[in-house]
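Here's coords-v6.cif, which has mmCIF, C-alpha atoms:
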data_entry
loop_
_atom_site.label_atom_id
_atom_site.label_comp_id
_atom_site.auth_asym_id
_atom_site.auth_seq_id
_atom_site.Cartn_x
_atom_site.Cartn_y
_atom_site.Cartn_z
CA MET A 11 -1.94 39.40 -4.20
CA MET A 12 -2.62 36.18 -2.33
CA GLN A 13 -5.16 36.54 0.46
CA PHE A 14 -2.84 35.57 3.29
CA MET A 15 -0.36 38.28 2.24
CA ALA A 16 -3.16 40.86 2.14
CA ILE A 17 -4.13 39.85 5.69
CA ARG A 18 -0.49 40.07 6.73
CA GLN A 19 -0.29 43.62 5.35
CA GLN A 20 -3.43 44.72 7.19
CA LEU A 21 -2.22 43.32 10.51
CA LEU A 22 1.24 44.81 9.98
CA ALA A 23 -0.28 48.23 9.26
CA GLN A 24 -2.09 48.17 12.59
CA ILE A 25 1.11 47.17 14.39
CA ASP A 26 3.17 49.89 12.68
CA ARG A 27 0.53 52.54 13.48
CA GLY A 28 0.57 51.58 17.15
CA LEU A 29 -3.01 50.32 17.17
CA LEU A 30 -1.64 46.98 18.35
CA ALA A 31 0.90 47.72 21.07
CA PRO A 32 3.92 45.54 21.94
CA ASP A 33 2.99 42.44 23.96
CA LYS A 34 -0.71 43.04 23.28
CA LYS A 35 -2.64 39.83 22.63
CA LEU A 36 -4.21 39.49 19.21
CA PRO A 37 -7.85 38.41 18.97
CA GLY A 38 -8.35 34.67 18.76
CA GLU A 39 -7.85 32.90 15.44
CA ARG A 40 -11.55 32.25 14.98
CA GLN A 41 -12.38 35.93 15.53
CA LEU A 42 -9.61 37.08 13.18
CA ALA A 43 -10.72 34.62 10.51
CA ASP A 44 -14.26 35.99 10.73
CA THR A 45 -12.96 39.58 10.61
CA PHE A 46 -11.04 38.92 7.39
CA SER A 47 -13.74 36.64 5.94
CA THR A 48 -11.28 33.82 5.49
CA THR A 49 -10.50 30.35 6.77
CA ARG A 50 -8.31 29.63 9.77
CA VAL A 51 -5.88 27.87 7.44
CA THR A 52 -5.37 31.04 5.40
CA LEU A 53 -5.19 33.16 8.55
CA ARG A 54 -2.49 30.92 9.99
CA GLU A 55 -0.44 31.39 6.83
CA ALA A 56 -0.54 35.16 7.42
CA LEU A 57 0.35 34.75 11.10
CA ALA A 58 3.22 32.42 10.22
CA VAL A 59 4.71 35.06 7.92
CA LEU A 60 4.49 37.73 10.63
CA GLU A 61 6.06 35.33 13.12
CA ALA A 62 8.93 34.58 10.74
CA GLU A 63 9.44 38.34 10.33
CA GLY A 64 9.66 38.74 14.11
CA ARG A 65 6.56 40.95 14.33
CA ILE A 66 4.41 38.61 16.44
CA TYR A 67 5.12 35.67 18.72
CA ARG A 68 3.27 32.76 20.27
CA ARG A 69 2.71 31.81 23.87
CA GLU A 70 1.88 28.13 24.19
CA ARG A 71 -1.86 27.66 24.71
CA ARG A 72 -2.34 31.43 25.15
CA GLY A 73 -2.38 32.74 21.59
CA TRP A 74 -0.56 35.35 19.51
CA PHE A 75 1.03 38.57 20.78
CA VAL A 76 2.62 41.64 19.20
CA ALA A 77 6.41 41.44 19.42
CA PRO A 78 8.30 44.20 21.24
CA THR A 79 11.40 45.86 19.81
CA PRO A 80 14.14 43.21 19.66
CA CYS A 81 17.28 43.51 21.76
CA ALA A 82 20.39 44.62 19.87
CA TYR A 83 22.86 41.75 20.20
CA ASP A 84 26.53 41.71 19.18
CA PRO A 85 27.69 38.08 19.47
CA SER A 86 31.34 39.16 19.47
CA GLN A 87 30.91 41.19 22.65
CA LEU A 88 28.55 39.24 24.92
CA VAL A 89 30.42 37.34 27.64
CA ASP A 90 27.82 36.53 30.32
CA TRP A 91 24.12 36.27 29.45
CA GLN A 92 22.79 37.51 32.79
CA HIS A 93 25.15 40.48 32.81
CA ASP A 94 24.42 41.55 29.23
CA PHE A 95 20.68 40.95 28.99
CA SER A 96 19.77 42.40 32.40
CA GLN A 97 19.92 45.86 30.79
CA HIS A 98 17.03 44.74 28.56
CA GLY A 99 15.02 43.50 31.51
CA GLY A 100 16.14 39.94 30.90
CA GLN A 101 16.72 37.21 33.45
CA PHE A 102 19.12 34.31 32.97
CA ALA A 103 19.00 31.05 34.90
CA TRP A 104 21.09 27.91 34.65
CA LEU A 105 18.98 24.85 33.89
CA ALA A 106 21.81 22.32 34.08
CA GLN A 107 25.49 22.22 35.02
CA LYS A 108 27.36 19.04 34.10
CA THR A 109 30.86 17.63 33.81
CA PRO A 110 30.51 14.88 31.17
CA MET A 111 33.15 13.20 29.08
CA ALA A 112 33.68 15.41 26.05
CA SER A 113 32.10 14.30 22.79
CA ALA A 114 34.38 13.63 19.85
CA ALA A 115 33.39 16.95 18.23
CA VAL A 116 34.05 19.03 21.37
CA SER A 117 37.24 17.11 22.13
CA ASP A 118 38.57 17.80 18.65
CA GLN A 119 37.72 21.51 18.82
CA MET A 120 39.29 21.95 22.26
CA GLN A 121 42.20 19.57 21.58
CA LEU A 122 41.41 17.54 24.69
CA PRO A 123 43.11 14.22 25.48
CA PRO A 124 41.13 10.95 25.18
CA PHE A 125 38.36 10.48 27.78
CA ALA A 126 38.79 14.04 29.07
CA GLN A 127 35.89 15.74 30.83
CA VAL A 128 34.45 19.11 29.88
CA PHE A 129 32.19 21.54 31.69
CA GLU A 130 28.75 21.78 30.05
CA GLY A 131 25.98 24.22 30.97
CA GLU A 132 22.46 24.90 29.72
CA GLY A 133 20.55 28.06 30.50
CA LEU A 134 17.37 29.98 29.75
CA ILE A 135 16.92 33.69 29.04
CA GLN A 136 13.53 35.24 29.76
CA ILE A 137 12.24 38.74 29.12
CA ALA A 138 8.99 39.77 30.81
CA GLN A 139 8.63 36.15 31.97
CA LEU A 140 8.66 34.93 28.35
CA PRO A 141 11.33 32.36 27.40
CA VAL A 142 13.23 33.91 24.47
CA GLY A 143 16.60 32.16 24.40
CA PHE A 144 18.04 28.75 25.22
CA VAL A 145 21.83 28.41 25.46
CA ARG A 146 24.33 25.58 25.74
CA THR A 147 28.00 26.15 26.54
CA PHE A 148 31.06 23.91 26.71
CA LEU A 149 34.00 25.14 28.78
CA HIS A 150 37.60 23.93 28.71
CA PRO A 151 38.42 22.63 32.22
CA ASP A 152 41.91 24.15 32.25
CA TYR A 153 40.53 27.68 31.75
CA PHE A 154 37.34 27.42 33.85
CA PRO A 155 38.49 25.07 36.66
CA SER A 156 35.98 26.15 39.32
CA VAL A 157 33.11 27.48 37.20
CA TRP A 158 30.36 25.28 38.71
CA GLN A 159 31.44 25.69 42.34
CA THR A 160 29.05 28.62 42.82
CA GLY A 161 26.06 26.68 41.47
CA ASP A 162 23.21 28.85 40.23
CA GLN A 163 25.38 31.96 40.66
CA ALA A 164 28.02 30.70 38.22
CA THR A 165 29.26 33.43 35.90
CA LEU A 166 31.32 33.42 32.72
CA LEU A 167 32.63 36.95 33.19
CA ASN A 168 36.04 35.43 33.89
CA THR A 169 36.37 34.28 30.27
CA PRO A 170 39.93 35.36 29.32
CA ALA A 171 39.86 38.94 28.07
CA ASN A 172 42.35 38.17 25.30
CA ALA A 173 40.09 35.57 23.69
CA ASP A 174 39.00 36.09 20.09
CA VAL A 175 35.37 35.25 19.28
CA SER A 176 34.24 33.73 16.00
CA TRP A 177 30.53 33.30 15.36
CA SER A 178 28.02 32.27 12.77
CA SER A 179 24.23 32.29 12.56
CA THR A 180 21.55 30.35 10.75
CA TRP A 181 17.83 29.59 10.93
CA GLU A 182 16.60 26.17 11.94
CA ALA A 183 13.42 24.42 13.05
CA LEU A 184 13.33 23.55 16.75
CA ASP A 185 13.25 19.95 17.86
CA SER A 186 10.75 18.94 20.53
CA GLU A 187 13.24 19.18 23.43
CA ARG A 188 14.29 22.77 22.83
CA ALA A 189 10.80 23.77 21.71
CA SER A 190 9.50 22.67 25.11
CA VAL A 191 12.07 24.87 26.89
CA LEU A 192 11.10 27.91 24.79
CA ALA A 193 7.37 27.13 25.13
CA VAL A 194 6.72 26.98 21.38
CA PRO A 195 5.53 24.15 19.12
CA ALA A 196 8.14 21.79 17.68
CA GLY A 197 9.22 22.93 14.22
CA THR A 198 9.08 26.65 15.11
CA PRO A 199 11.90 28.47 13.27
CA VAL A 200 14.55 30.04 15.49
CA LEU A 201 17.76 32.00 15.05
CA THR A 202 20.72 29.82 16.00
CA VAL A 203 24.00 31.52 16.91
CA THR A 204 27.20 29.51 17.42
CA ARG A 205 30.26 31.11 19.02
CA ALA A 206 33.79 29.79 19.57
CA TRP A 207 36.27 31.47 21.92
CA ARG A 208 39.97 31.05 21.14
CA ILE A 209 43.20 32.22 22.67
CA GLN A 210 46.60 32.27 20.99
CA PRO A 211 49.18 30.53 23.19
CA ALA A 212 52.74 30.06 21.97
CA GLN A 213 51.97 26.69 20.40
CA GLY A 214 48.96 27.93 18.36
CA SER A 215 45.23 28.59 18.58
CA GLN A 216 43.31 27.01 21.48
CA THR A 217 39.50 26.82 21.69
CA ILE A 218 38.42 27.30 25.30
CA ARG A 219 34.66 27.89 25.06
CA ILE A 220 31.89 26.92 22.64
CA ASP A 221 28.39 28.44 22.85
CA THR A 222 25.24 27.57 20.93
CA GLU A 223 22.17 29.79 21.35
CA TRP A 224 18.62 29.34 20.07
CA TRP A 225 16.56 32.55 19.92
CA ARG A 226 12.90 33.21 19.18
CA GLN A 227 12.57 35.21 15.96
CA HIS A 228 11.47 38.42 17.68
CA ALA A 229 13.96 38.35 20.57
CA VAL A 230 17.21 39.75 19.15
CA THR A 231 18.60 41.58 16.16
CA LEU A 232 22.23 40.90 15.35
CA CYS A 233 24.56 43.88 15.20
CA GLY A 234 28.24 44.67 15.35
CA GLY A 235 29.14 43.03 12.03
CA SER A 236 28.48 43.23 8.32
CA ALA A 237 25.62 41.43 6.59
CA ARG A 238 28.16 38.84 5.49
CA ASP A 239 29.31 38.42 9.10
CA ALA A 240 25.76 37.81 10.23
CA GLN A 241 25.36 34.94 7.78
CA THR A 242 28.79 33.33 7.56
CA GLY A 243 30.46 34.41 10.77
CA SER A 244 33.02 36.92 11.99
CA VAL A 245 36.16 36.92 14.06
CA LYS A 246 36.53 39.86 16.38
CA LYS A 247 38.58 40.88 19.37
CA ARG A 248 36.48 41.70 22.42
CA GLU A 249 36.58 45.36 23.36
#
Using structure tokens, write down the structure from this file.
Amino acid sequence: MMQFMAIRQQLLAQIDRGLLAPDKKLPGERQLADTFSTTRVTLREALAVLEAEGRIYRRERRGWFVAPTPCAYDPSQLVDWQHDFSQHGGQFAWLAQKTPMASAAVSDQMQLPPFAQVFEGEGLIQIAQLPVGFVRTFLHPDYFPSVWQTGDQATLLNTPANADVSWSSTWEALDSERASVLAVPAGTPVLTVTRAWRIQPAQGSQTIRIDTEWWRQHAVTLCGGSARDAQTGSVKKRE
């Protein structure tokens, strides 16, 4: 067995036995390297594996911490981030609320006329004051006409109840902009969830909302669908 995997197993054993409690800070990298009689390069390989597995997480300039139990998250059922994650002790805040001209991609998905505007929002989800999720949403102006009028209190709970939700997930490396928001180094792998909300008017399917979410590895565990759904997407009626 390669040394970094042996170190990973020893650290994981201590986490599983409760010797390293959730949110407890690990010893510094230099101390851990000395403990395992290895180099910091090899140690970081072990830590990177545990991070990718969602068992530890980083706080920028503060070190490594043991990850808590992830929140169970069904992308087909969540409507409003503040409403749904408050039960996990989460806090949601809008970072930006805009009304730009829709991009070609959004315009095509929402079947908007040329030069039409769209409502765009960006928000941050924190749990125990740790940034765990960054979200971006695009809202069709005909179905969310006054969404930004309440400012920071804006809610998406008025998303039409008859909307079907399709979603997909993948892993990607964060760019510097989103990494800064989540307080992790650029290139950190995150779980990316994309959701599209559609209604079925008489003339055919209409996309009214598009969400993209970037989650730290330890933050959520997807549920509510099959393994195939979690990789390639699902379409589900909200309950």
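Remark: for Ala138 (chain A), the closest of the candidate residues A:Pro85, A:Gly100, A:Gly214, A:Gly73 is A:Gly100 (distances computed over all atoms listed in the file).
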Please write the residues picked by the PyMOL selection byres ((chain A and resi 34) around 9) on this file as number ranges by chain.
-> A: 30-33, 35-36, 74-77
All residues 8 Å or closer to region 222-235 of chain A, only C-alpha atoms, same chain fewer than 4 positions away omitted, as a PyMOL selection string = chain A and resi 61-67+77-86+142-147+192+199-205+239-240+244
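The shortest atom-to-atom distance to Leu53 (chain A), with only C-alpha atoms taken into account, belongs to A:Gln13 out of A:Gln13, A:Gln159, A:Gln101, A:Gln92.
Counting from CA of Trp91 (chain A), the distance to CA of Val191 (chain A) is 16.8 Å.
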Please supply region 176-200 of chain A, rebuilt with N, CA and C atoms, as an mmCIF file, keeping the file's coordinate frame.
data_model
loop_
_atom_site.group_PDB
_atom_site.id
_atom_site.type_symbol
_atom_site.label_atom_id
_atom_site.label_comp_id
_atom_site.auth_asym_id
_atom_site.auth_seq_id
_atom_site.Cartn_x
_atom_site.Cartn_y
_atom_site.Cartn_z
ATOM 1 N N SER A 176 34.770 33.927 17.343
ATOM 2 C CA SER A 176 34.240 33.730 16.000
ATOM 3 C C SER A 176 32.803 33.248 16.135
ATOM 4 N N TRP A 177 31.944 33.674 15.235
ATOM 5 C CA TRP A 177 30.530 33.300 15.360
ATOM 6 C C TRP A 177 29.889 33.162 13.996
ATOM 7 N N SER A 178 28.815 32.425 13.981
ATOM 8 C CA SER A 178 28.020 32.270 12.770
ATOM 9 C C SER A 178 26.562 32.153 13.185
ATOM 10 N N SER A 179 25.653 32.378 12.251
ATOM 11 C CA SER A 179 24.230 32.290 12.560
ATOM 12 C C SER A 179 23.496 31.619 11.411
ATOM 13 N N THR A 180 22.395 30.997 11.743
ATOM 14 C CA THR A 180 21.550 30.350 10.750
ATOM 15 C C THR A 180 20.148 30.232 11.323
ATOM 16 N N TRP A 181 19.202 29.852 10.480
ATOM 17 C CA TRP A 181 17.830 29.590 10.930
ATOM 18 C C TRP A 181 17.606 28.089 10.908
ATOM 19 N N GLU A 182 16.914 27.594 11.910
ATOM 20 C CA GLU A 182 16.600 26.170 11.940
ATOM 21 C C GLU A 182 15.259 25.963 12.630
ATOM 22 N N ALA A 183 14.678 24.789 12.404
ATOM 23 C CA ALA A 183 13.420 24.420 13.050
ATOM 24 C C ALA A 183 13.737 23.707 14.365
ATOM 25 N N LEU A 184 13.060 24.111 15.433
ATOM 26 C CA LEU A 184 13.330 23.550 16.750
ATOM 27 C C LEU A 184 12.882 22.100 16.851
ATOM 28 N N ASP A 185 13.704 21.291 17.519
ATOM 29 C CA ASP A 185 13.250 19.950 17.860
ATOM 30 C C ASP A 185 12.358 20.034 19.098
ATOM 31 N N SER A 186 11.746 18.924 19.455
ATOM 32 C CA SER A 186 10.750 18.940 20.530
ATOM 33 C C SER A 186 11.358 19.309 21.874
ATOM 34 N N GLU A 187 12.602 18.892 22.136
ATOM 35 C CA GLU A 187 13.240 19.180 23.430
ATOM 36 C C GLU A 187 13.425 20.672 23.639
ATOM 37 N N ARG A 188 14.049 21.337 22.681
ATOM 38 C CA ARG A 188 14.290 22.770 22.830
ATOM 39 C C ARG A 188 13.010 23.574 22.661
ATOM 40 N N ALA A 189 12.083 23.093 21.847
ATOM 41 C CA ALA A 189 10.800 23.770 21.710
ATOM 42 C C ALA A 189 10.064 23.801 23.040
ATOM 43 N N SER A 190 10.153 22.722 23.802
ATOM 44 C CA SER A 190 9.500 22.670 25.110
ATOM 45 C C SER A 190 10.095 23.712 26.054
ATOM 46 N N VAL A 191 11.411 23.884 26.018
ATOM 47 C CA VAL A 191 12.070 24.870 26.890
ATOM 48 C C VAL A 191 11.623 26.281 26.528
ATOM 49 N N LEU A 192 11.485 26.569 25.231
ATOM 50 C CA LEU A 192 11.100 27.910 24.790
ATOM 51 C C LEU A 192 9.586 28.091 24.701
ATOM 52 N N ALA A 193 8.838 27.060 25.084
ATOM 53 C CA ALA A 193 7.370 27.130 25.130
ATOM 54 C C ALA A 193 6.765 27.481 23.775
ATOM 55 N N VAL A 194 7.263 26.824 22.730
ATOM 56 C CA VAL A 194 6.720 26.980 21.380
ATOM 57 C C VAL A 194 6.525 25.585 20.790
ATOM 58 N N PRO A 195 5.705 25.458 19.744
ATOM 59 C CA PRO A 195 5.530 24.150 19.120
ATOM 60 C C PRO A 195 6.809 23.669 18.439
ATOM 61 N N ALA A 196 7.015 22.361 18.415
ATOM 62 C CA ALA A 196 8.140 21.790 17.680
ATOM 63 C C ALA A 196 8.044 22.202 16.210
ATOM 64 N N GLY A 197 9.188 22.486 15.610
ATOM 65 C CA GLY A 197 9.220 22.930 14.220
ATOM 66 C C GLY A 197 9.222 24.441 14.068
ATOM 67 N N THR A 198 9.031 25.185 15.172
ATOM 68 C CA THR A 198 9.080 26.650 15.110
ATOM 69 C C THR A 198 10.474 27.098 14.667
ATOM 70 N N PRO A 199 10.580 27.998 13.681
ATOM 71 C CA PRO A 199 11.900 28.470 13.270
ATOM 72 C C PRO A 199 12.521 29.393 14.312
ATOM 73 N N VAL A 200 13.818 29.217 14.537
ATOM 74 C CA VAL A 200 14.550 30.040 15.490
ATOM 75 C C VAL A 200 15.872 30.474 14.879
#
